[in-house]
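Colleague: My structure is stored as input_18.pdb, with PDB, C-alpha atoms and all ligand atoms.
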```pdb
ATOM      1  CA  MET A   1      -0.350   5.601 -11.288  1.00  0.00           C
ATOM      2  CA  LYS A   2      -3.587   6.868  -9.732  1.00  0.00           C
ATOM      3  CA  LEU A   3      -4.622   7.188  -6.102  1.00  0.00           C
ATOM      4  CA  TYR A   4      -8.228   6.773  -5.007  1.00  0.00           C
ATOM      5  CA  THR A   5      -8.767   8.452  -1.683  1.00  0.00           C
ATOM      6  CA  ALA A   6     -11.218  10.439   0.443  1.00  0.00           C
ATOM      7  CA  PRO A   7     -11.079  13.055   3.218  1.00  0.00           C
ATOM      8  CA  SER A   8     -10.847  10.472   6.010  1.00  0.00           C
ATOM      9  CA  PRO A   9      -8.282   9.060   8.463  1.00  0.00           C
ATOM     10  CA  SER A  10      -6.970   6.422   6.025  1.00  0.00           C
ATOM     11  CA  GLY A  11      -6.975   8.968   3.215  1.00  0.00           C
ATOM     12  CA  LEU A  12      -4.948  11.307   5.413  1.00  0.00           C
ATOM     13  CA  ARG A  13      -2.373   8.596   6.095  1.00  0.00           C
ATOM     14  CA  VAL A  14      -1.506   8.322   2.412  1.00  0.00           C
ATOM     15  CA  SER A  15      -1.984  11.992   1.470  1.00  0.00           C
ATOM     16  CA  ALA A  16       0.249  13.150   4.350  1.00  0.00           C
ATOM     17  CA  PHE A  17       2.882  10.588   3.313  1.00  0.00           C
ATOM     18  CA  ILE A  18       2.778  11.882  -0.272  1.00  0.00           C
ATOM     19  CA  ALA A  19       2.938  15.505   0.923  1.00  0.00           C
ATOM     20  CA  GLU A  20       5.932  14.756   3.160  1.00  0.00           C
ATOM     21  CA  LYS A  21       7.675  13.144   0.180  1.00  0.00           C
ATOM     22  CA  GLY A  22       6.984  16.215  -1.926  1.00  0.00           C
ATOM     23  CA  ILE A  23       5.697  14.080  -4.790  1.00  0.00           C
ATOM     24  CA  GLU A  24       2.564  14.378  -6.870  1.00  0.00           C
ATOM     25  CA  ILE A  25       0.309  11.488  -7.808  1.00  0.00           C
ATOM     26  CA  PRO A  26      -2.865  11.856  -9.870  1.00  0.00           C
ATOM     27  CA  THR A  27      -5.709  11.489  -7.407  1.00  0.00           C
ATOM     28  CA  GLU A  28      -9.436  10.885  -7.497  1.00  0.00           C
ATOM     29  CA  THR A  29     -11.254  11.940  -4.352  1.00  0.00           C
ATOM     30  CA  LEU A  30     -14.336   9.887  -3.544  1.00  0.00           C
ATOM     31  CA  ASP A  31     -17.249  10.711  -1.267  1.00  0.00           C
ATOM     32  CA  ILE A  32     -17.489   7.825   1.196  1.00  0.00           C
ATOM     33  CA  GLN A  33     -20.552   9.361   2.873  1.00  0.00           C
ATOM     34  CA  VAL A  34     -22.639   8.677  -0.233  1.00  0.00           C
ATOM     35  CA  GLY A  35     -21.129   5.227  -0.808  1.00  0.00           C
ATOM     36  CA  GLU A  36     -18.781   5.983  -3.696  1.00  0.00           C
ATOM     37  CA  THR A  37     -16.433   3.200  -2.492  1.00  0.00           C
ATOM     38  CA  ARG A  38     -19.315   0.709  -2.482  1.00  0.00           C
ATOM     39  CA  THR A  39     -20.227   0.875  -6.186  1.00  0.00           C
ATOM     40  CA  ASP A  40     -19.749  -2.225  -8.354  1.00  0.00           C
ATOM     41  CA  GLU A  41     -17.032  -0.365 -10.253  1.00  0.00           C
ATOM     42  CA  PHE A  42     -15.048   0.498  -7.137  1.00  0.00           C
ATOM     43  CA  LEU A  43     -15.533  -2.959  -5.593  1.00  0.00           C
ATOM     44  CA  GLN A  44     -13.605  -4.277  -8.599  1.00  0.00           C
ATOM     45  CA  LYS A  45     -10.686  -2.195  -7.358  1.00  0.00           C
ATOM     46  CA  ASN A  46     -11.017  -3.082  -3.659  1.00  0.00           C
ATOM     47  CA  SER A  47     -13.421  -5.845  -2.668  1.00  0.00           C
ATOM     48  CA  LEU A  48     -13.494  -4.311   0.839  1.00  0.00           C
ATOM     49  CA  GLY A  49     -15.078  -1.141  -0.566  1.00  0.00           C
ATOM     50  CA  GLU A  50     -12.510   1.130   1.073  1.00  0.00           C
ATOM     51  CA  ILE A  51      -9.979   3.748   0.152  1.00  0.00           C
ATOM     52  CA  PRO A  52      -7.041   4.153  -0.201  1.00  0.00           C
ATOM     53  CA  VAL A  53      -6.348   2.304  -3.441  1.00  0.00           C
ATOM     54  CA  LEU A  54      -3.277   2.899  -5.592  1.00  0.00           C
ATOM     55  CA  GLU A  55      -3.779   1.768  -9.180  1.00  0.00           C
ATOM     56  CA  LEU A  56      -0.541   1.228 -11.088  1.00  0.00           C
ATOM     57  CA  ASP A  57      -0.125   1.836 -14.817  1.00  0.00           C
ATOM     58  CA  ASP A  58      -0.234  -1.928 -15.533  1.00  0.00           C
ATOM     59  CA  GLY A  59      -3.549  -2.210 -13.668  1.00  0.00           C
ATOM     60  CA  THR A  60      -2.100  -3.624 -10.448  1.00  0.00           C
ATOM     61  CA  LEU A  61      -4.173  -2.540  -7.458  1.00  0.00           C
ATOM     62  CA  LEU A  62      -2.581  -1.870  -4.104  1.00  0.00           C
ATOM     63  CA  THR A  63      -4.780  -1.417  -1.063  1.00  0.00           C
ATOM     64  CA  GLU A  64      -3.966  -0.970   2.637  1.00  0.00           C
ATOM     65  CA  THR A  65      -2.395   2.262   3.774  1.00  0.00           C
ATOM     66  CA  LEU A  66       0.973   0.948   4.858  1.00  0.00           C
ATOM     67  CA  ALA A  67       1.415  -1.241   1.765  1.00  0.00           C
ATOM     68  CA  ILE A  68       0.883   1.832  -0.412  1.00  0.00           C
ATOM     69  CA  CYS A  69       3.319   3.844   1.713  1.00  0.00           C
ATOM     70  CA  ARG A  70       5.885   1.028   1.555  1.00  0.00           C
ATOM     71  CA  TYR A  71       5.654   0.989  -2.254  1.00  0.00           C
ATOM     72  CA  LEU A  72       5.992   4.775  -2.534  1.00  0.00           C
ATOM     73  CA  GLU A  73       8.916   4.756  -0.092  1.00  0.00           C
ATOM     74  CA  ALA A  74      10.752   2.280  -2.343  1.00  0.00           C
ATOM     75  CA  LEU A  75      10.007   4.335  -5.472  1.00  0.00           C
ATOM     76  CA  TYR A  76      10.901   7.643  -3.835  1.00  0.00           C
ATOM     77  CA  PRO A  77      13.565   6.923  -1.197  1.00  0.00           C
ATOM     78  CA  GLU A  78      14.454  10.598  -0.641  1.00  0.00           C
ATOM     79  CA  ASP A  79      13.127  12.095   2.592  1.00  0.00           C
ATOM     80  CA  PRO A  80      12.720   8.640   4.149  1.00  0.00           C
ATOM     81  CA  LEU A  81       9.690   8.072   6.365  1.00  0.00           C
ATOM     82  CA  MET A  82      10.153   4.351   7.051  1.00  0.00           C
ATOM     83  CA  GLY A  83      13.748   4.107   8.290  1.00  0.00           C
ATOM     84  CA  THR A  84      16.998   3.890   6.395  1.00  0.00           C
ATOM     85  CA  ASP A  85      18.735   0.725   7.652  1.00  0.00           C
ATOM     86  CA  PRO A  86      17.699  -2.571   9.260  1.00  0.00           C
ATOM     87  CA  LEU A  87      17.512  -1.136  12.763  1.00  0.00           C
ATOM     88  CA  THR A  88      15.757   2.164  12.034  1.00  0.00           C
ATOM     89  CA  THR A  89      13.335   0.374   9.671  1.00  0.00           C
ATOM     90  CA  ALA A  90      12.478  -2.136  12.389  1.00  0.00           C
ATOM     91  CA  LYS A  91      11.994   0.656  14.924  1.00  0.00           C
ATOM     92  CA  VAL A  92       9.631   2.554  12.617  1.00  0.00           C
ATOM     93  CA  ASP A  93       7.691  -0.686  12.035  1.00  0.00           C
ATOM     94  CA  MET A  94       7.525  -1.179  15.795  1.00  0.00           C
ATOM     95  CA  TRP A  95       6.157   2.320  16.356  1.00  0.00           C
ATOM     96  CA  SER A  96       3.761   2.085  13.408  1.00  0.00           C
ATOM     97  CA  ARG A  97       2.294  -1.029  14.944  1.00  0.00           C
ATOM     98  CA  ARG A  98       2.109   0.590  18.385  1.00  0.00           C
ATOM     99  CA  MET A  99       0.406   3.701  17.041  1.00  0.00           C
ATOM    100  CA  GLU A 100      -2.034   1.638  14.992  1.00  0.00           C
ATOM    101  CA  GLN A 101      -2.913  -0.969  17.602  1.00  0.00           C
ATOM    102  CA  GLN A 102      -2.487   0.783  20.922  1.00  0.00           C
ATOM    103  CA  VAL A 103      -3.374   4.383  20.111  1.00  0.00           C
ATOM    104  CA  MET A 104      -5.711   4.093  17.123  1.00  0.00           C
ATOM    105  CA  GLY A 105      -7.350   0.843  18.247  1.00  0.00           C
ATOM    106  CA  PRO A 106      -9.694   2.142  20.970  1.00  0.00           C
ATOM    107  CA  ILE A 107     -10.741   5.390  19.249  1.00  0.00           C
ATOM    108  CA  ALA A 108     -11.475   3.445  16.047  1.00  0.00           C
ATOM    109  CA  GLN A 109     -13.773   1.198  18.077  1.00  0.00           C
ATOM    110  CA  VAL A 110     -15.502   4.262  19.556  1.00  0.00           C
ATOM    111  CA  ALA A 111     -16.085   5.529  16.023  1.00  0.00           C
ATOM    112  CA  GLN A 112     -17.323   2.192  14.712  1.00  0.00           C
ATOM    113  CA  HIS A 113     -19.752   1.717  17.591  1.00  0.00           C
ATOM    114  CA  THR A 114     -21.148   5.291  17.719  1.00  0.00           C
ATOM    115  CA  PHE A 115     -20.903   7.005  14.303  1.00  0.00           C
ATOM    116  CA  THR A 116     -24.046   6.735  12.168  1.00  0.00           C
ATOM    117  CA  PHE A 117     -21.737   6.147   9.165  1.00  0.00           C
ATOM    118  CA  PHE A 118     -21.021   2.639  10.507  1.00  0.00           C
ATOM    119  CA  ALA A 119     -24.631   1.824  11.475  1.00  0.00           C
ATOM    120  CA  ASP A 120     -25.233  -0.330   8.394  1.00  0.00           C
ATOM    121  CA  LYS A 121     -21.737  -1.833   8.411  1.00  0.00           C
ATOM    122  CA  LEU A 122     -21.603  -3.604  11.774  1.00  0.00           C
ATOM    123  CA  GLU A 123     -23.673  -4.350  14.868  1.00  0.00           C
ATOM    124  CA  GLN A 124     -23.081  -1.278  16.993  1.00  0.00           C
ATOM    125  CA  LEU A 125     -22.731  -1.633  20.753  1.00  0.00           C
ATOM    126  CA  PRO A 126     -22.667   1.843  22.357  1.00  0.00           C
ATOM    127  CA  ALA A 127     -21.869   0.319  25.781  1.00  0.00           C
ATOM    128  CA  TYR A 128     -18.726  -1.233  24.294  1.00  0.00           C
ATOM    129  CA  ALA A 129     -17.794   2.205  22.924  1.00  0.00           C
ATOM    130  CA  GLU A 130     -17.861   3.548  26.494  1.00  0.00           C
ATOM    131  CA  THR A 131     -15.265   0.948  27.548  1.00  0.00           C
ATOM    132  CA  GLN A 132     -13.098   1.980  24.588  1.00  0.00           C
ATOM    133  CA  LYS A 133     -13.324   5.664  25.581  1.00  0.00           C
ATOM    134  CA  ARG A 134     -11.827   4.745  28.956  1.00  0.00           C
ATOM    135  CA  LEU A 135      -9.208   2.594  27.267  1.00  0.00           C
ATOM    136  CA  GLN A 136      -8.273   5.490  24.956  1.00  0.00           C
ATOM    137  CA  ASP A 137      -7.516   7.572  28.027  1.00  0.00           C
ATOM    138  CA  LYS A 138      -5.185   4.853  29.307  1.00  0.00           C
ATOM    139  CA  ARG A 139      -3.437   4.600  25.950  1.00  0.00           C
ATOM    140  CA  TRP A 140      -2.819   8.362  25.871  1.00  0.00           C
ATOM    141  CA  GLY A 141      -1.343   7.913  29.333  1.00  0.00           C
ATOM    142  CA  TRP A 142       0.919   5.166  28.011  1.00  0.00           C
ATOM    143  CA  LEU A 143       2.086   7.352  25.111  1.00  0.00           C
ATOM    144  CA  ASP A 144       2.581  10.280  27.480  1.00  0.00           C
ATOM    145  CA  ALA A 145       4.961   8.207  29.609  1.00  0.00           C
ATOM    146  CA  GLU A 146       6.812   7.059  26.475  1.00  0.00           C
ATOM    147  CA  LEU A 147       7.291  10.676  25.374  1.00  0.00           C
ATOM    148  CA  ALA A 148       8.457  11.836  28.810  1.00  0.00           C
ATOM    149  CA  ASP A 149      12.037  12.098  27.531  1.00  0.00           C
ATOM    150  CA  GLY A 150      10.947  15.249  25.679  1.00  0.00           C
ATOM    151  CA  ARG A 151      11.150  13.939  22.119  1.00  0.00           C
ATOM    152  CA  ARG A 152       9.090  15.612  19.423  1.00  0.00           C
ATOM    153  CA  TYR A 153       8.323  12.525  17.305  1.00  0.00           C
ATOM    154  CA  VAL A 154       7.357   9.052  18.436  1.00  0.00           C
ATOM    155  CA  CYS A 155      10.211   7.026  16.935  1.00  0.00           C
ATOM    156  CA  ASP A 156      13.765   8.077  17.735  1.00  0.00           C
ATOM    157  CA  ASP A 157      12.753  11.748  17.475  1.00  0.00           C
ATOM    158  CA  VAL A 158      12.679  11.514  13.658  1.00  0.00           C
ATOM    159  CA  PHE A 159       9.390  12.248  11.860  1.00  0.00           C
ATOM    160  CA  SER A 160       8.117   8.991  10.338  1.00  0.00           C
ATOM    161  CA  VAL A 161       5.072   7.153   9.039  1.00  0.00           C
ATOM    162  CA  ALA A 162       4.351   6.242  12.675  1.00  0.00           C
ATOM    163  CA  ASP A 163       3.647   9.934  13.378  1.00  0.00           C
ATOM    164  CA  ILE A 164       1.404  10.021  10.305  1.00  0.00           C
ATOM    165  CA  THR A 165      -0.612   7.152  11.797  1.00  0.00           C
ATOM    166  CA  GLY A 166      -0.877   9.349  14.871  1.00  0.00           C
ATOM    167  CA  MET A 167      -2.193  12.202  12.713  1.00  0.00           C
ATOM    168  CA  ALA A 168      -5.018   9.894  11.624  1.00  0.00           C
ATOM    169  CA  VAL A 169      -5.786   9.233  15.301  1.00  0.00           C
ATOM    170  CA  LEU A 170      -6.012  12.990  15.900  1.00  0.00           C
ATOM    171  CA  MET A 171      -8.428  13.264  12.980  1.00  0.00           C
ATOM    172  CA  ILE A 172     -10.699  10.561  14.422  1.00  0.00           C
ATOM    173  CA  CYS A 173     -10.512  12.321  17.809  1.00  0.00           C
ATOM    174  CA  GLN A 174     -11.770  15.499  16.134  1.00  0.00           C
ATOM    175  CA  PHE A 175     -14.698  13.648  14.520  1.00  0.00           C
ATOM    176  CA  ALA A 176     -15.503  11.951  17.841  1.00  0.00           C
ATOM    177  CA  GLU A 177     -15.080  15.198  19.814  1.00  0.00           C
ATOM    178  CA  MET A 178     -12.641  13.416  22.112  1.00  0.00           C
ATOM    179  CA  PRO A 179      -9.625  15.728  22.353  1.00  0.00           C
ATOM    180  CA  VAL A 180      -6.376  14.560  23.901  1.00  0.00           C
ATOM    181  CA  PRO A 181      -6.747  15.412  27.617  1.00  0.00           C
ATOM    182  CA  GLU A 182      -4.713  18.460  28.694  1.00  0.00           C
ATOM    183  CA  ARG A 183      -3.088  16.496  31.518  1.00  0.00           C
ATOM    184  CA  PHE A 184      -1.062  14.502  28.987  1.00  0.00           C
ATOM    185  CA  GLY A 185       1.434  17.291  28.359  1.00  0.00           C
ATOM    186  CA  ASN A 186       3.918  15.156  26.442  1.00  0.00           C
ATOM    187  CA  VAL A 187       1.237  13.942  24.037  1.00  0.00           C
ATOM    188  CA  LYS A 188       0.006  17.542  23.686  1.00  0.00           C
ATOM    189  CA  ARG A 189       3.559  18.563  22.694  1.00  0.00           C
ATOM    190  CA  TRP A 190       3.605  15.827  20.031  1.00  0.00           C
ATOM    191  CA  GLU A 191       0.083  16.830  18.906  1.00  0.00           C
ATOM    192  CA  THR A 192       1.222  20.442  18.411  1.00  0.00           C
ATOM    193  CA  ALA A 193       4.168  19.185  16.357  1.00  0.00           C
ATOM    194  CA  MET A 194       1.730  17.281  14.120  1.00  0.00           C
ATOM    195  CA  TYR A 195      -0.467  20.358  13.547  1.00  0.00           C
ATOM    196  CA  GLU A 196       2.665  22.306  12.586  1.00  0.00           C
ATOM    197  CA  ARG A 197       3.497  19.935   9.707  1.00  0.00           C
ATOM    198  CA  SER A 198       2.438  21.281   6.331  1.00  0.00           C
ATOM    199  CA  SER A 199       1.218  17.740   5.545  1.00  0.00           C
ATOM    200  CA  TRP A 200      -1.426  17.961   8.306  1.00  0.00           C
ATOM    201  CA  ALA A 201      -4.843  18.165   6.694  1.00  0.00           C
ATOM    202  CA  GLY A 202      -7.156  17.325   9.571  1.00  0.00           C
TER     203      GLY A 202
HETATM  204  N1  LIG B   1      -7.242  -1.132   6.547  1.00  0.00           N
HETATM  205  C1  LIG B   1      -7.538  -0.088   5.696  1.00  0.00           C
HETATM  206  C2  LIG B   1      -8.653   0.742   6.273  1.00  0.00           C
HETATM  207  C3  LIG B   1      -9.247   1.620   5.237  1.00  0.00           C
HETATM  208  C4  LIG B   1     -10.510   2.313   5.703  1.00  0.00           C
HETATM  209  O1  LIG B   1     -10.979   2.111   6.829  1.00  0.00           O
HETATM  210  N2  LIG B   1     -11.029   3.186   4.830  1.00  0.00           N
HETATM  211  C5  LIG B   1     -12.234   3.906   5.138  1.00  0.00           C
HETATM  212  C6  LIG B   1     -11.946   5.397   5.272  1.00  0.00           C
HETATM  213  S1  LIG B   1     -10.982   5.758   6.715  1.00  0.00           S
HETATM  214  C7  LIG B   1     -13.199   3.738   3.980  1.00  0.00           C
HETATM  215  O2  LIG B   1     -12.821   3.795   2.841  1.00  0.00           O
HETATM  216  N3  LIG B   1     -14.484   3.563   4.273  1.00  0.00           N
HETATM  217  C8  LIG B   1     -15.503   3.521   3.264  1.00  0.00           C
HETATM  218  C9  LIG B   1     -16.591   2.563   3.608  1.00  0.00           C
HETATM  219  O3  LIG B   1     -16.437   1.783   4.569  1.00  0.00           O
HETATM  220  O4  LIG B   1     -17.606   2.609   2.916  1.00  0.00           O
HETATM  221  C10 LIG B   1      -6.279   0.746   5.433  1.00  0.00           C
HETATM  222  O5  LIG B   1      -5.580   1.119   6.386  1.00  0.00           O
HETATM  223  O6  LIG B   1      -5.993   1.010   4.282  1.00  0.00           O
END
```
Go through the file and emit its structure as structure tokens.
Modeller:
Amino acid sequence: MKLYTAPSPSGLRVSAFIAEKGIEIPTETLDIQVGETRTDEFLQKNSLGEIPVLELDDGTLLTETLAICRYLEALYPEDPLMGTDPLTTAKVDMWSRRMEQQVMGPIAQVAQHTFTFFADKLEQLPAYAETQKRLQDKRWGWLDAELADGRRYVCDDVFSVADITGMAVLMICQFAEMPVPERFGNVKRWETAMYERSSWAG
């Protein structure tokens, strides 16, 4: 098994998952800034030209962060990060989706429409990015209200892959210089908890 990754939000999602599991997987770190995921060789592994990719010993290629995490969770069930029974698994899926769509969605759009890295990958609309900055503020407000019961982690107060998705959001926020506003004290508490994890590599 070999993981292709890069120091990036999606790379962090898999590397933090692996670190939390306490497992080791041979890894090749690519430089996405110089297009190492866009070479003919790498496009054979992922036609989207993106990390992460997990290559299995029989040559099977798994892409997409959560699919890779799901596979590793099944292989290494100790220290579960994706629930342990039908209900907790469904709840983690629910929170993963919420963190990905609601919390990561707007800041990812800000990045795509303002970072020079994406300039040759899509038609950038800086004015649209401004709307997404305002939306990000609203989404932090939504998460803040959700966390008002004082819990440390987003799903049932148990650290899960949904929090790891949140770590990736924090990493994009650092790149975009858009910190979580101080007025969202509950989100700030969760953010501190993320920075305290040894798996945090932002
Ligand atoms: N949907 C993918 C997104 C992967 C993705 O966006 N990867 C970025 C790094 S965060 C990448 O490899 N970009 C390289 C490029 O676009 O050239 C997943 O979650 O696995």
Colleague: By how many Å are CA of Met99 in chain A and CA of Asp157 in chain A apart?
Modeller: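 Distance between the two atoms: 14.7 Å.
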Colleague: Could you give me, as a tab-separated table, a per-residue list for chain A showing, wherever an atom lies at most 9 Å from an atom of ligand LIG 1 (chain B), the closest pair of atoms and their distance in Å to one decimal, using only C-alpha atoms and all ligand atoms and sorting by chain then residue number from low to high?
Modeller:
```
residue	atom	partner	partner_atom	distance
A:Thr5	CA	B:LIG1	O2	7.7
A:Ala6	CA	B:LIG1	C6	7.0
A:Pro7	CA	B:LIG1	C6	8.0
A:Ser8	CA	B:LIG1	S1	4.8
A:Pro9	CA	B:LIG1	S1	4.6
A:Ser10	CA	B:LIG1	S1	4.1
A:Gly11	CA	B:LIG1	S1	6.2
A:Leu12	CA	B:LIG1	S1	8.3
A:Arg13	CA	B:LIG1	O5	8.1
A:Val14	CA	B:LIG1	O6	8.8
A:Leu30	CA	B:LIG1	O2	9.0
A:Asp31	CA	B:LIG1	C8	8.7
A:Ile32	CA	B:LIG1	C8	5.2
A:Gln33	CA	B:LIG1	O4	7.4
A:Val34	CA	B:LIG1	O4	8.5
A:Gly35	CA	B:LIG1	O4	5.8
A:Glu36	CA	B:LIG1	O4	7.5
A:Thr37	CA	B:LIG1	O4	5.6
A:Arg38	CA	B:LIG1	O4	6.0
A:Leu48	CA	B:LIG1	O3	7.7
A:Gly49	CA	B:LIG1	O4	5.7
A:Glu50	CA	B:LIG1	O2	3.2
A:Ile51	CA	B:LIG1	O2	3.9
A:Pro52	CA	B:LIG1	O6	5.6
A:Val53	CA	B:LIG1	O6	7.8
A:Thr63	CA	B:LIG1	O6	6.0
A:Glu64	CA	B:LIG1	O6	3.3
A:Thr65	CA	B:LIG1	O6	3.8
A:Leu66	CA	B:LIG1	O5	6.7
A:Ala67	CA	B:LIG1	O6	8.1
A:Ile68	CA	B:LIG1	O6	8.4
A:Phe117	CA	B:LIG1	O3	8.3
A:Phe118	CA	B:LIG1	O3	7.6
A:Lys121	CA	B:LIG1	O3	7.5
A:Ala168	CA	B:LIG1	S1	8.8
```
Colleague: Going by the chain IDs and residue numbers used in this file, which residues fall under the PyMOL selection byres (((chain A and resi 145-154) around 10) and not hetatm)? Write them as an mmCIF file with C-alpha atoms, in the coordinates of the input.
Modeller:
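File written: out_8.cif
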```cif
data_model
loop_
_atom_site.group_PDB
_atom_site.id
_atom_site.type_symbol
_atom_site.label_atom_id
_atom_site.label_comp_id
_atom_site.auth_asym_id
_atom_site.auth_seq_id
_atom_site.Cartn_x
_atom_site.Cartn_y
_atom_site.Cartn_z
ATOM 1 C CA VAL A 92 9.631 2.554 12.617
ATOM 2 C CA TRP A 95 6.157 2.320 16.356
ATOM 3 C CA SER A 96 3.761 2.085 13.408
ATOM 4 C CA ARG A 98 2.109 0.590 18.385
ATOM 5 C CA MET A 99 0.406 3.701 17.041
ATOM 6 C CA ARG A 139 -3.437 4.600 25.950
ATOM 7 C CA TRP A 140 -2.819 8.362 25.871
ATOM 8 C CA GLY A 141 -1.343 7.913 29.333
ATOM 9 C CA TRP A 142 0.919 5.166 28.011
ATOM 10 C CA LEU A 143 2.086 7.352 25.111
ATOM 11 C CA ASP A 144 2.581 10.280 27.480
ATOM 12 C CA CYS A 155 10.211 7.026 16.935
ATOM 13 C CA ASP A 156 13.765 8.077 17.735
ATOM 14 C CA ASP A 157 12.753 11.748 17.475
ATOM 15 C CA VAL A 158 12.679 11.514 13.658
ATOM 16 C CA PHE A 159 9.390 12.248 11.860
ATOM 17 C CA SER A 160 8.117 8.991 10.338
ATOM 18 C CA VAL A 161 5.072 7.153 9.039
ATOM 19 C CA ALA A 162 4.351 6.242 12.675
ATOM 20 C CA ASP A 163 3.647 9.934 13.378
ATOM 21 C CA GLY A 166 -0.877 9.349 14.871
ATOM 22 C CA PHE A 184 -1.062 14.502 28.987
ATOM 23 C CA GLY A 185 1.434 17.291 28.359
ATOM 24 C CA ASN A 186 3.918 15.156 26.442
ATOM 25 C CA VAL A 187 1.237 13.942 24.037
ATOM 26 C CA ARG A 189 3.559 18.563 22.694
ATOM 27 C CA TRP A 190 3.605 15.827 20.031
ATOM 28 C CA GLU A 191 0.083 16.830 18.906
ATOM 29 C CA THR A 192 1.222 20.442 18.411
ATOM 30 C CA ALA A 193 4.168 19.185 16.357
ATOM 31 C CA MET A 194 1.730 17.281 14.120
#
```
Colleague: Need to verify the contact set: Pro106 in chain A, 10 Å, all atoms listed in the file, exclusion of same-chain residues closer than 5 positions in sequence. Can you return it as an mmCIF file with C-alpha atoms, in the coordinates of the input?
Modeller:
```cif
data_model
loop_
_atom_site.group_PDB
_atom_site.id
_atom_site.type_symbol
_atom_site.label_atom_id
_atom_site.label_comp_id
_atom_site.auth_asym_id
_atom_site.auth_seq_id
_atom_site.Cartn_x
_atom_site.Cartn_y
_atom_site.Cartn_z
ATOM 1 C CA GLU A 100 -2.034 1.638 14.992
ATOM 2 C CA GLN A 101 -2.913 -0.969 17.602
ATOM 3 C CA ALA A 111 -16.085 5.529 16.023
ATOM 4 C CA GLN A 112 -17.323 2.192 14.712
ATOM 5 C CA ALA A 129 -17.794 2.205 22.924
ATOM 6 C CA GLU A 130 -17.861 3.548 26.494
ATOM 7 C CA THR A 131 -15.265 0.948 27.548
ATOM 8 C CA GLN A 132 -13.098 1.980 24.588
ATOM 9 C CA LYS A 133 -13.324 5.664 25.581
ATOM 10 C CA ARG A 134 -11.827 4.745 28.956
ATOM 11 C CA LEU A 135 -9.208 2.594 27.267
ATOM 12 C CA GLN A 136 -8.273 5.490 24.956
ATOM 13 C CA ASP A 137 -7.516 7.572 28.027
ATOM 14 C CA LYS A 138 -5.185 4.853 29.307
ATOM 15 C CA ARG A 139 -3.437 4.600 25.950
ATOM 16 C CA VAL A 169 -5.786 9.233 15.301
#
```
Colleague: Looking at all atoms listed in the file, which of A:Val110, A:Leu62, A:Leu75, A:Val103 is the one that sits closest to Ile23 in chain A?
Modeller: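 The answer is A:Leu75, which sits nearest to Ile23 in chain A.
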Colleague: Pick out the residues sitting within 10 Å of Pro179 in chain A, and hand them over as a ChimeraX atom specification; count only C-alpha atoms, and ignore anything fewer than 6 positions along from it in its own chain.
Modeller: /A:170-173,188
Colleague: Given the PyMOL selection byres (((chain A and resi 28) around 6) and not hetatm) and the file above, list the residues it selects as a PyMOL selection string.
Modeller: chain A and resi 4+27+29
Colleague: Point out the residue among A:Tyr195, A:Leu122, A:Ala108, A:Trp200 with the least atom-to-atom distance to Phe175 in chain A, counting all atoms listed in the file.
Modeller: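 Closest residue, counting all atoms listed in the file: A:Ala108.
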